[in-house]
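*Asks:* Let me give you the structure first, and then I'll get to my questions.
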6 protein chains.
Amino acid sequence: MKPSRKVVSFGEVMMRLSPPDHERFTQAKQFEINYGGSEANVAVSLAHLGISAEHVTRFPENDFGKAAASFLQSYGVDTSHVIFGDDRLGVYFIEHGAGHRSSKVIYDRFDSAFAKISPSMFNWEEILKGADWFHWCGITPAISQGASDACYEAIRMARKLDIRISADINYRRNLWNYGKKAIDIMPKLIAESNVVIGGLIDFENCIGIQSTNFEDACKKVQKTFSNVQKIANTLRESVSTSHQKMSAELWSDNTLLRSKNYELTNIIDRVGSGDAFMAGLIYGFNSALNDKGTLEFATAASVLKHTIPGDVNCATVQEINSLVNGENIGKLLR
Amino acid sequence: MKPSRKVVSFGEVMMRLSPPDHERFTQAKQFEINYGGSEANVAVSLAHLGISAEHVTRFPENDFGKAAASFLQSYGVDTSHVIFGDDRLGVYFIEHGAGHRSSKVIYDRFDSAFAKISPSMFNWEEILKGADWFHWCGITPAISQGASDACYEAIRMARKLDIRISADINYRRNLWNYGKKAIDIMPKLIAESNVVIGGLIDFENCIGIQSTNFEDACKKVQKTFSNVQKIANTLRESVSTSHQKMSAELWSDNTLLRSKNYELTNIIDRVGSGDAFMAGLIYGFNSALNDKGTLEFATAASVLKHTIPGDVNCATVQEINSLVNGENIGKLLR
Amino acid sequence: MKPSRKVVSFGEVMMRLSPPDHERFTQAKQFEINYGGSEANVAVSLAHLGISAEHVTRFPENDFGKAAASFLQSYGVDTSHVIFGDDRLGVYFIEHGAGHRSSKVIYDRFDSAFAKISPSMFNWEEILKGADWFHWCGITPAISQGASDACYEAIRMARKLDIRISADINYRRNLWNYGKKAIDIMPKLIAESNVVIGGLIDFENCIGIQSTNFEDACKKVQKTFSNVQKIANTLRESVSTSHQKMSAELWSDNTLLRSKNYELTNIIDRVGSGDAFMAGLIYGFNSALNDKGTLEFATAASVLKHTIPGDVNCATVQEINSLVNGENIGKLLR
Amino acid sequence: MKPSRKVVSFGEVMMRLSPPDHERFTQAKQFEINYGGSEANVAVSLAHLGISAEHVTRFPENDFGKAAASFLQSYGVDTSHVIFGDDRLGVYFIEHGAGHRSSKVIYDRFDSAFAKISPSMFNWEEILKGADWFHWCGITPAISQGASDACYEAIRMARKLDIRISADINYRRNLWNYGKKAIDIMPKLIAESNVVIGGLIDFENCIGIQSTNFEDACKKVQKTFSNVQKIANTLRESVSTSHQKMSAELWSDNTLLRSKNYELTNIIDRVGSGDAFMAGLIYGFNSALNDKGTLEFATAASVLKHTIPGDVNCATVQEINSLVNGENIGKLLR
Amino acid sequence: MKPSRKVVSFGEVMMRLSPPDHERFTQAKQFEINYGGSEANVAVSLAHLGISAEHVTRFPENDFGKAAASFLQSYGVDTSHVIFGDDRLGVYFIEHGAGHRSSKVIYDRFDSAFAKISPSMFNWEEILKGADWFHWCGITPAISQGASDACYEAIRMARKLDIRISADINYRRNLWNYGKKAIDIMPKLIAESNVVIGGLIDFENCIGIQSTNFEDACKKVQKTFSNVQKIANTLRESVSTSHQKMSAELWSDNTLLRSKNYELTNIIDRVGSGDAFMAGLIYGFNSALNDKGTLEFATAASVLKHTIPGDVNCATVQEINSLVNGENIGKLLR
Amino acid sequence: MKPSRKVVSFGEVMMRLSPPDHERFTQAKQFEINYGGSEANVAVSLAHLGISAEHVTRFPENDFGKAAASFLQSYGVDTSHVIFGDDRLGVYFIEHGAGHRSSKVIYDRFDSAFAKISPSMFNWEEILKGADWFHWCGITPAISQGASDACYEAIRMARKLDIRISADINYRRNLWNYGKKAIDIMPKLIAESNVVIGGLIDFENCIGIQSTNFEDACKKVQKTFSNVQKIANTLRESVSTSHQKMSAELWSDNTLLRSKNYELTNIIDRVGSGDAFMAGLIYGFNSALNDKGTLEFATAASVLKHTIPGDVNCATVQEINSLVNGENIGKLLR
């Protein structure tokens with residue numbers, strides 16, 4: 001693939017509110033404020049990796065819309081094509097578990113400024129001018145008909161402009177409430193995508209491909225969706241909320257690669273670790289790394305995300321490479 | 001009036017999120033969490049004044065519904081008839097101004113569990129059994145048709161059971177979005193109420209009574225609404241956000257009484273000061289205080305609320321009486 | 001056993017002050033405030049499990065007495081029979097250790113409002129009306145003669161009213177300073193109890209039963225104390241302050257049952273884990289669970305407590321059952 | 001007077017716990033921790049003014065005793081003769097009021113390690129060696145017979161060693177619970193003192209001198225207590241908790257001097273302002289300042305204390321002199 | 001003047017560390033982190049006012065350089081021409097005073113990455129392309145020879161490109177340590193500037209113009225520096241650190257205008273109020289406002305800054321206009 | 001060795017600023033403030049172990065110099081010979097990693113008040129009077145020529161006064177920027193020292209002794225440096241930032257001793273663990289402990305440091321002995 005000079009991502013950004021110090025929702029007297037969303041998290045990660053990133057979304061025309069935009073800008077993500085309108089920024093609340101207590105998310109995202117978008121609000125031809133990578137995820141078409149249509153428009157324009165497309169299928173059973181099912185919509189979107197993150201459940205629910213084996217599933221996916229060149233997935237084994245084991249696999253050129261397996265203890269915040277992985281893949285596919293190198297880079301990026309509070313991965317290329325190479329583990333870097 | 005053994009209030013309770021230390025919304029990294037709502041604030045104030053108080057509302061069936069109920073219970077407010085359903089707790093965000101910067105509220109309350117109530121969800125006969133005072137405010141009928149209808153049912157049952165009724169007209173131009181105007185609905189609700197808080201704008205918009213003079217307006221109100229025995233109002237002169245002057249007036253027995261005027265500097269939190277005043281009136285009308293005593297008590301209660309963070313007035317009868325009597329001003333009480 | 005409609009617990013509640021972020025006492029510039037006490041913790045746990053709970057105690061007649069009552073009320077624990085008097089709320093300070101540093105408690109509880117109780121302050125017949133379970137623990141008779149006498153009165157009345165009685169022996173060598181020894185008083189209290197938590201040290205010091213084997217000890221206990229039907233105990237193996245292994249055993253119907261063994265890493269707060277276990281037992285014995293199910297439920301409840309800051313267990317029946325069934329471990333619940 | 005090379009103070013030090021951000025006790029989830037006590041506050045102030053200061057007290061033999069000692073040491077106060085024993089550090093809780101809400105103190109100081117002192121615990125001859133000023137206050141003899149006796153021993157030894165003695169009468173009606181009245185004990189202690197702070201209420205209750213006029217009272221005091229050379233007092237007019245007016249007066253050489261009157265707005269913390277005044281007097285009487293200069297210095301020191309959180313005055317000589325001279329008011333000092 | 005499409009500012013940005021809650025430096029256990037610098041503050045203010053703003057500076061090549069850039073970006077300030085090198089970000093510490101205690105600044109800014117700049121590091125022709133306003137202040141030439149030279153290069157290029165130039169003279173006696181005096185350098189820089197902020201002390205020290213009267217001084221300035229069209233100054237009367245009176249004056253077209261005088265109580269943070277004023281002037285001179293309107297706008301902007309924590313003014317055009325018009329004072333804006 | 005009545009340490013103390021809650025530098029909005037420096041950390045540890053400790057350094061003549069001195073004094077470390085001058089306190093920033101993310105230190109210590117010392121500023125004969133142990137570390141001679149010379153003067157005087165000398169070689173590649181290399185200076189300093197901490201890298205870079213084996217290296221060291229009697233070293237195996245294994249070795253009397261190996265999970269703060277080890281050695285060599293006992297004591301001290309926030313080890317002799325004896329592991333000490 002050719003090097004990516006600019007990645008454009010598209011999707012909802014929410015305010016994230018979380019009680020400090022492992023408090024439960026019912027105990028909390030304060031929330032810590034962050035902002036995040038699957039695709040925007042990818043954009044922020046890429047910006048940390050030195051790749052030019054722009055995020056497109058719609059924010060409410062109020063102080064929280066401004067604050068969310070400010071959050072993206074602070075990380076150097078371009079927000080020039082963000083549009084403002086309506087009055088709700090979606091919110092999600094996260095309670096950080098620990099040990100045998102699971103973490104818990106409560107969404108309050110319906111009727112957000114983003115959910116109310118329509119395709120005509122975005123001029124994708126202009127937005128995508130100069131970009132060479134477009135990233136979307138399966139949450140967007142699940143939110144509303146308008147979001148689904150706008151996402152499809154973006155994908156079609158990207159394809160038309162010969163821009164590479166990555167997709168994180170990210171099937172969410174609790175969304176898809178506006179009358180369509182994932183299976184009605186996702187196939188045509190995946191059909192245009194080149195790099196896809198997904199697992200067996202995603203394949204079954206979103207593109208109707210059933211299998212009990214990832215490699216087999218990948219073969220089937222590629223048979224049906226010939227544009228899809230790379231399929232990746234993260235694997236997680238949970239000992240507890242604070243202690244997990246993680247690796248990833250990448251199917252590419254008819255070959256299944258498996259990354260190193262990491263043992264994660266003292267997890268700080270796992271939210272966004274899939275987005276960190278996606279950003280790692282995009283980085284790898286746009287640099288001198290081969291498939292194996294890309295997979296290890298993306299996995300290490302995701303591993304580091306577990307140690308960083310918030311949704312976004314503030315790890316640098318150097319830090320990720322150190323982890324890939326097993327250097328500096330547990331060191332006090334002076 | 002006979003002494004109140006139990007006051008029942010009815011209305012929405014929201015989560016309140018505010019940046020600490022006078023930060024602006026766009027600067028905030030944390031929110032302080034409180035819960036409040038005009039009528040519930042009255043109930044909590046009454047509980048602090050030693051009056052048995054129950055609040056009726058509908059909370060979402062999630063952790064934030066539990067947390068809001070827990071907040072009311074913590075102050076000894078009875079929540080036995082609170083119902084749970086749906087999934088949204090309304091939120092309001094408050095940015096605390098200072099000096100020449102005004103405080104600012106952003107509401108995110110639409111489609112809340114309370115907004116979705118219907119009259120059949122509440123058995124008012126059972127709820128009001130044993131109560132001798134019912135309190136409502138003009139926000140409830142402004143929220144949704146269901147809330148309006150439920151409020152009317154409550155008022156009618158209270159009247160039927162010969163329970164005294166207080167109303168805070170509290171006209172909010174930004175609500176009343178469900179197809180009805182205040183003037184379509186409020187008159188029949190006010191018609192059944194005995195103690196009313198309101199000012200010239202409330203009278204004009206909610207019951208169609210125009211006047212440029214409070215006393216005159218009160219006369220007109222009573223002519224039309226013969227059940228209304230007491231009409232009160234707070235008067236505020238703003239030097240700045242941190243410095244205001246406050247007094248109140250009470251029209252009763254065809255006489256207009258005016259309270260002492262207080263100079264408030266170093267205001268901590270003025271939200272809920274009207275509710276503190278309402279609770280002071282209810283307390284006064286149910287104790288040995290005469291009209292003048294009641295007015296001074298309610299005004300002093302409201303003054304003290306300005307010094308207490310959050311929506312609710314944690315002042316005791318003794319503290320309020322000290323202020324009425326000008327005792328202990330600025331003392332270090334040991 | 002018949003289902004419990006209402007549990008009444010009795011015992012001291014203290015203010016708990018702890019430095020944040022694993023600071024040592026000598027480093028601390030702030031304390032986090034909680035309230036707790038062994039029996040009240042059981043009541044709060046039960047309220048979270050959906051069982052009606054009332055706690056009886058004596059609080060000082062000041063703001064900290066109010067705050068402690070408010071804390072119990074916030075969790076829906078009935079405080080109608082709490083009495084107020086005197087001026088001290090006992091305090092305990094806890095320094096949270098980590099790794100190889102033990103946690104440390106400093107008590108400052110002498111001469112508290114509770115320690116100064118006398119039996120005549122409580123009308124147990126009225127208090128216990130409508131209850132079907134009474135819970136006490138061995139700390140109460142260790143505090144003062146008055147507390148001991150009041151506890152015995154409560155137990156006798158519970159027995160008279162045919163209310164089931166649970167006891168957590170909880171031997172504390174540092175208490176028992178008022179002239180009596182545990183062995184002088186505990187036997188007559190245990191004699192009336194039906195469900196008992198205790199280990200070998202408790203049996204030896206409080207009821208004079210010596211054994212090196214829990215099963216054997218249980219047999220001896222039952223021989224002497226024929227009302228005791230269930231004896232339970234938690235087992236803890238400490239790798240470090242942050243890492244422990246925990247299981248529990250229940251002797252019932254002449255059979256010793258042993259729970260699953262849990263490996264606890266990243267412990268947040270172990271205080272109150274025994275009380276969470278007790279509440280789990282009471283819940284189990286009052287529901288459709290059999291002995292094995294009750295033991296596993298109580299153990300899982302206790303395991304979850306280790307992940308929750310403060311003294312009380314805010315875990316729900318659903319969360320505990322998930323852990324019992326090994327579901328959702330380490331998941332991000334959306 | 002000759003310059004003071006070293007001041008020794010004697011009295012109880014307590015832990016001070018206060019809710020942040022003007023929260024009420026019943027709202028607080030955190031306490032800020034400080035340490036303080038009238039005489040120790042004087043010592044810390046003096047250390048800030050560059051005068052060698054030692055504080056003598058008794059702390060409990062636990063981490064809070066250590067922490068309190070550490071607090072004094074951190075300010076350079078010598079603690080070499082502090083003794084350790086027993087297990088309670090007295091605590092006082094302070095709720096910071098604002099505007100029309102008074103601040104509130106709850107003491108929990110009985111049976112402290114200091115209250116249990118006896119004279120034999122201190123070797124005053126050794127302690128006072130090298131000192132040329134001794135400071136005590138009327139709280140100490142009010143605490144217990146042992147504290148009273150120890151204080152008297154200290155004063156007698158100071159007199160014997162020809163050390164100057166200052167006393168802050170500081171009458172506290174709520175203390176003096178051990179069977180003695182102030183009037184039984186204070187006269188003999190005051191009789192040996194040279195510099196005294198007190199007002200009409202102090203004089204009446206502690207040394208039986210009645211007057212409605214400070215100057216007249218001073219004359220009477222000196223007539224009876226011939227060692228007393230200087231009598232000072234602070235005058236406070238309270239507009240509100242946040243806004244007060246303050247000045248001071250000094251009777252010396254048969255003349256009454258009155259300081260500048262300061263208008264204090266936005267008061268941060270007035271606790272310890274009397275101790276800051278005392279320290280200012282001691283500083284002045286031991287430097288080149290004349291009576292008028294000393295009075296203004298002490299008053300300005302006290303004024304500055306109102307702007308500093310905690311019990312102790314961290315103001316420097318330079319800062320106090322700037323205020324005396326009306327320099328730098330409201331400046332941003334770079 | 002023609003409307004400004006883009007303003008470029010140039011100058012050092014420092015990390016600002018301040019103890020919370022009015023603590024003194026010697027009491028602090030935490031610092032709040034902000035970033036600021038006179039010219040960057042102007043840029044951020046302008047961005048809030050809807051004017052395209054770019055800031056040019058040099059940051060160290062480390063995480064704090066990144067964080068400072070991130071801070072500017074978060075407010076939408078363009079940082080495309082910021083350069084990175086060396087390893088020190090200047091720091092300034094601010095202790096917030098209150099009442100009669102002055103605020104205090106300690107600088108630790110020597111040898112910063114900015115101080116080590118040389119003119120060749122910046123390609124001003126490229127940087128200023130598309131800009132129509134350039135802003136600098138007198139701190140930059142005071143820092144180092146390199147900073148002085150680079151500033152002069154920027155000014156000369158701006159002049160060459162016919163870009164308007166504003167200057168805040170901002171004389172700092174403690175800087176100018178590298179061998180030059182202000183009077184050696186400032187005149188040639190001021191000579192090219194069009195809008196100047198300065199007072200009598202600035203004029204005397206930086207451009208050798210002495211006068212005891214602002215209007216007279218302005219006349220002299222313009223006589224010598226014919227490019228200077230507007231001269232403005234803020235006037236401050238300090239009652240205390242928390243209470244000040246503020247107005248401003250503008251000399252333009254040979255006329256001296258004076259703004260409304262504001263009484264500021266409960267000041268939150270006055271740092272950056274001069275920069276807010278400068279930004280207000282630039283906004284006014286580039287909009288439909290006349291001189292009087294510009295002066296009032298700039299003064300109100302500065303007044304609002306006093307209510308906002310941090311160095312930068314987050315006030316909007318609408319908020320500033322409300323204050324100019326005396327609207328919404330002390331209101332709770334819903 | 002004879003018991004140490006007083007230990008004097010010498011070296012730089014810096015302000016340490018760290019983001020809370022595992023935040024990255026670029027995310028931080030607050031810093032927690034501590035003070036520390038290798039030699040001062042040893043002094044504070046010793047004070048906690050009951051050994052009289054004095055620290056000698058140079059602080060800037062400003063509030064941060066005062067605050068740093070106050071920090072040492074708070075722990076009972078004597079600061080009588082600290083000198084004040086110049087205006088910079090060195091700062092180091094630490095970002096606490098977790099799991100696979102390393103911790104990171106950024107130094108900003110050049111041109112500090114300490115770096116600018118010269119030997120003539122210290123009268124070592126007077127300073128060391130009464131001391132019987134002197135401690136220095138290899139950071140001091142690496143800072144500046146003046147610091148190096150002053151350190152050598154101190155060591156020579158200690159030797160002259162027959163005071164025992166300990167040295168922590170502590171080679172820092174990033175220092176040694178003033179024109180000298182470690183190998184130019186360290187040998188003559190080590191030559192006078194009796195107890196040395198160092199590893200193979202330290203030996204190679206600082207005293208030119210190469211070996212791949214610690215025991216062999218020790219033999220070579222002693223051959224060259226005959227005053228060196230004890231050589232110790234800590235051994236660390238890093239699983240991750242939060243999980244490490246640690247032991248230590250001591251070469252003494254021609255014998256190599258190895259301590260117990262500890263598995264450290266949930267590490268709170270490893271900074272200063274080497275200094276805690278050094279303090280443990282000094283304690284052991286000055287008490288009744290033999291070499292093995294000393295090694296185990298020092299290792300356990302270091303292990304405990306990992307659980308304590310900040311640079312200094314607040315562990316007591318009793319706590320360390322408990323860990324050595326495997327007592328109280330994971331207990332809740334009441």
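Just remember, in the structure tokens the first chain shown is A, the second B, etc., residues are 1-based per chain, and ligands are 1-based in the order shown.
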Can you work out which residues from chain C touch chain F at a cut-off of 8 Å (counting only C-alpha atoms) and hand them back as a list in words?
*Replies:*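 Using only C-alpha atoms, chain C residues at most 8 Å from chain F: His22, Glu23, Arg24, Gly97, Ala98, Gly99, His100, Arg101, Ser102, Ser103, Lys104, Val105, Ile106, Tyr107, Ser238, Val239, Ser240, Thr241, Ser242, His243, Gln244 and Asn266 of chain C.
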*Asks:* Can you tell me which residues surround Phe122 of chain C at a distance of at most 8 Å, considering only C-alpha atoms, apart from same-chain residues fewer than 3 positions away, and format the answer as a VMD selection string?
*Replies:* chain C and resid 119 127 150
*Asks:* What gap, in Å, lies between atom CA of Thr234 of chain B and atom CA of Ile197 of chain B?
*Replies:* 8.4 Å
*Asks:* Tell me, as number ranges by chain, which residues lie within 12 Å of segment 177-183 of chain D, counting only C-alpha atoms; anything in the same chain fewer than 2 positions away does not count.
*Replies:* D: 110-111, 115-116, 138-149, 169-175, 185-190, 201-209
*Asks:* How many Å separate atom CA of Asp87 of chain F from atom CA of Asp311 of chain E?
*Replies:* 23.9 Å
*Asks:* Give the strand (DSSP E or B) residues of segment 118-274 of chain B, as DSSP finds them on the backbone, and put them as a PyMOL selection string.
*Replies:* chain B and resi 133-137+164-168+195-197+230-238+244-252+255-258+262-264
*Asks:* What lies within 8 Å of segment 27-41 of chain B using only C-alpha atoms, ignoring chain neighbours under 3 positions off, as JSON, numbers by chain?
*Replies:* {"A": [28, 29, 30, 31, 32, 33, 34, 67], "B": [9, 10, 11, 12, 13, 14, 15, 16, 17, 18, 19, 20, 23, 24, 44, 45, 55, 68, 71, 72, 135, 136, 137, 272, 275, 276, 310, 311, 312, 313]}
*Asks:* Could you check how far atom CA of Glu192 of chain B sits from atom CA of Val228 of chain B, in Å to one decimal?
*Replies:*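 Separating atom CA of Glu192 of chain B from atom CA of Val228 of chain B is a distance of 7.7 Å.
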*Asks:* Using only C-alpha atoms, which protein or nucleic acid residues come within 12 Å of Thr255 of chain C? Drop anything in the same chain fewer than 5 positions from it, and give the result as a PyMOL selection string.
*Replies:* chain C and resi 214-216+218-219+229-232+249-250+291-292
*Asks:* Report the residues of segment 129-267 of chain F whose backbone DSSP state falls under helix (DSSP H, G or I), written as a PyMOL selection string.
*Replies:* chain F and resi 140-143+145-160+182-190+200-207+214-224
